[in-house]
Amino acid sequence: MRIVIAIGGNALLERGQRPDAATQQANAVRAVQALAPLAADHEIVITHGNGPQVGMLALQSAADPGLRIPYPFDVLGAQTQGMIGYWLLQALQNALPGRQVAAILDQTLVSAADPAFARPSKFVGPVYDEATGNRLAAERGWVVAPDGASWRRVVPSPLPQRIVETRIIRSLLFERTVVVCAGGGGIPVVRDEDGRLRGVEAVVDKDLATAVLAESLDADALLLLTDVPAVLRGFGGPSPEAISRATPAELRRERFPAGSMGPKVEAVCRFTELTGGVAAIGALDDAAAILAGKAGTIVTPAGDYSAGAFGR
Ligand SMILES: Nc1ncnc2c1ncn2[C@@H]1O[C@H](COP(=O)(O)OP(=O)(O)O)[C@@H](O)[C@H]1O
Ligand SMILES: NC(=O)OP(=O)(O)O
């Protein structure tokens, strides 16, 4: 079975943790411990978030006195693919001796006309209290928005249309290589009228990009792994209830926050609607249990998943 798996930004940098390299590398090792067993029986492709990391690199670039213009977000996205890709690559190689592993830089095609360029929505970097967020926005020309009880910088997040390097990823899978790709949703690029690619100032949502990748790879299953065990009905209310099985239509009837669970739900619904495949949202440590039908929110065309039937 071919499984495309997204690791949430929270898995690589837990809320409140300092973004030291050693901390994130240790988190990457932990993430890989949960995923490596799946590689024994399946072709796996791993993607990852970069919200905290790309925001941190943007702060560093803006603070560099040697730079006239801070690095743009396509370049910062490429940096995060290199950094996080390296941590995951090494952790996978150590966990899967004898198995080929590749972490690649890849670009995600978006539309220059996407209205998202005028409506920044993707959270990046650290959280602030409201007064600090508003001060930084005024001083630095940022847009900030509430993220739960905190405030955070937001940048444009156009919809992913296609992973430019899809054919290369396919050939790596054909060679039984475990592939790390589409990190941070992929480096955002547009194709100009003359056919040339050009980077743009944006951060693509990694869950939506992962769904696009999974569709184009004809994946059997899409797993979006994060820090909650399932999608909750009544999240934040007095009696939240885990949704264990759903059809896309059932899930679409609920409302989810735009900056967190919303894109994940959209991604799993889209994958299942377009491919007829199985998609799930759940906790990183439950990856194997989700495949066994014992954890997570599992979405199928008929909402009737039973254990052992993961895949088409
Ligand atoms: N209905 C919901 N059910 C579960 N979690 C939700 C829901 N709505 C919002 N969330 C939040 O979504 C978060 C996961 O989204 P996000 O932080 O974007 O994940 P990641 O960075 O791991 O991809 C959870 O930690 C939780 O706080
Ligand atoms: N690019 C992206 O979606 O990153 P996060 O998952 O860390 O928000």
# chains A, B, ... in the order shown; residues from 1 in each chain; ligands from 1
call {"tool": "select_by_dssp", "arguments": {"residues": "range 269-302 of chain A", "states": "strand (DSSP E)", "output": "list in words"}}
result
Val278, Ala279, Ala280, Ile281, Gly282, Ala283, Thr297, Ile298 and Val299 of chain A
call {"tool": "residues_around", "arguments": {"residues": "Arg119 in chain A", "least_positions_apart": "2", "cutoff": "10 Å", "atoms": "only C-alpha atoms", "output": "PyMOL selection string"}}
result
chain A and resi 114-117+121-122+143+154-158
call {"tool": "closest_residue", "arguments": {"among": "A:Ile44, A:Val228, A:Met56, A:Val189", "to": "ligand 1", "atoms": "only C-alpha atoms and all ligand atoms"}}
result
A:Val228
call {"tool": "select_by_dssp", "arguments": {"residues": "range 63-277 of chain A", "states": "alpha helix (DSSP H)", "output": "PyMOL selection string"}}
result
chain A and resi 73-95+130-140+166-174+206-216+248-252+261-275
call {"tool": "residues_around", "arguments": {"residues": "range 274-283 of chain A", "least_positions_apart": "2", "cutoff": "7 Å", "atoms": "only C-alpha atoms", "output": "list in words"}}
result
Glu215, Asp220, Ala221, Leu222, Leu223, Leu224, Leu225, Thr226, Asp227, Val228, Pro229, Ala230, Val231, Val268, Arg270, Phe271, Thr272, Asp285, Asp286, Ala287, Gly296, Thr297, Ile298, Val299, Thr300, Pro301, Phe310, Gly311 and Arg312 of chain A
call {"tool": "decode", "arguments": {"residues": "range 64-76 of chain A", "atoms": "N, CA and C atoms", "output": "tab-separated table (two decimals), in the first residue's frame"}}
result
chain	number	residue	atom	x	y	z
A	64	ASP	N	19.17	40.61	10.67
A	64	ASP	CA	20.55	40.57	10.18
A	64	ASP	C	20.97	41.95	9.67
A	65	PRO	N	21.92	42.62	10.34
A	65	PRO	CA	22.29	43.98	9.92
A	65	PRO	C	23.00	44.00	8.57
A	66	GLY	N	23.50	42.86	8.14
A	66	GLY	CA	24.21	42.81	6.85
A	66	GLY	C	23.28	42.73	5.65
A	67	LEU	N	21.98	42.56	5.91
A	67	LEU	CA	21.04	42.40	4.79
A	67	LEU	C	20.27	43.70	4.54
A	68	ARG	N	20.17	44.09	3.27
A	68	ARG	CA	19.36	45.26	2.92
A	68	ARG	C	17.89	44.85	2.89
A	69	ILE	N	17.63	43.67	2.36
A	69	ILE	CA	16.26	43.16	2.27
A	69	ILE	C	16.23	41.76	2.89
A	70	PRO	N	15.33	41.51	3.86
A	70	PRO	CA	15.26	40.16	4.44
A	70	PRO	C	14.94	39.12	3.38
A	71	TYR	N	15.33	37.88	3.64
A	71	TYR	CA	15.08	36.81	2.68
A	71	TYR	C	13.57	36.63	2.49
A	72	PRO	N	13.15	36.41	1.24
A	72	PRO	CA	11.70	36.20	1.00
A	72	PRO	C	11.25	34.81	1.46
A	73	PHE	N	9.93	34.63	1.56
A	73	PHE	CA	9.39	33.40	2.16
A	73	PHE	C	9.61	32.14	1.30
A	74	ASP	N	9.78	32.29	-0.01
A	74	ASP	CA	10.09	31.07	-0.78
A	74	ASP	C	11.48	30.55	-0.40
A	75	VAL	N	12.42	31.48	-0.22
A	75	VAL	CA	13.78	31.08	0.15
A	75	VAL	C	13.78	30.51	1.58
A	76	LEU	N	13.04	31.16	2.47
A	76	LEU	CA	12.96	30.66	3.86
A	76	LEU	C	12.30	29.28	3.89
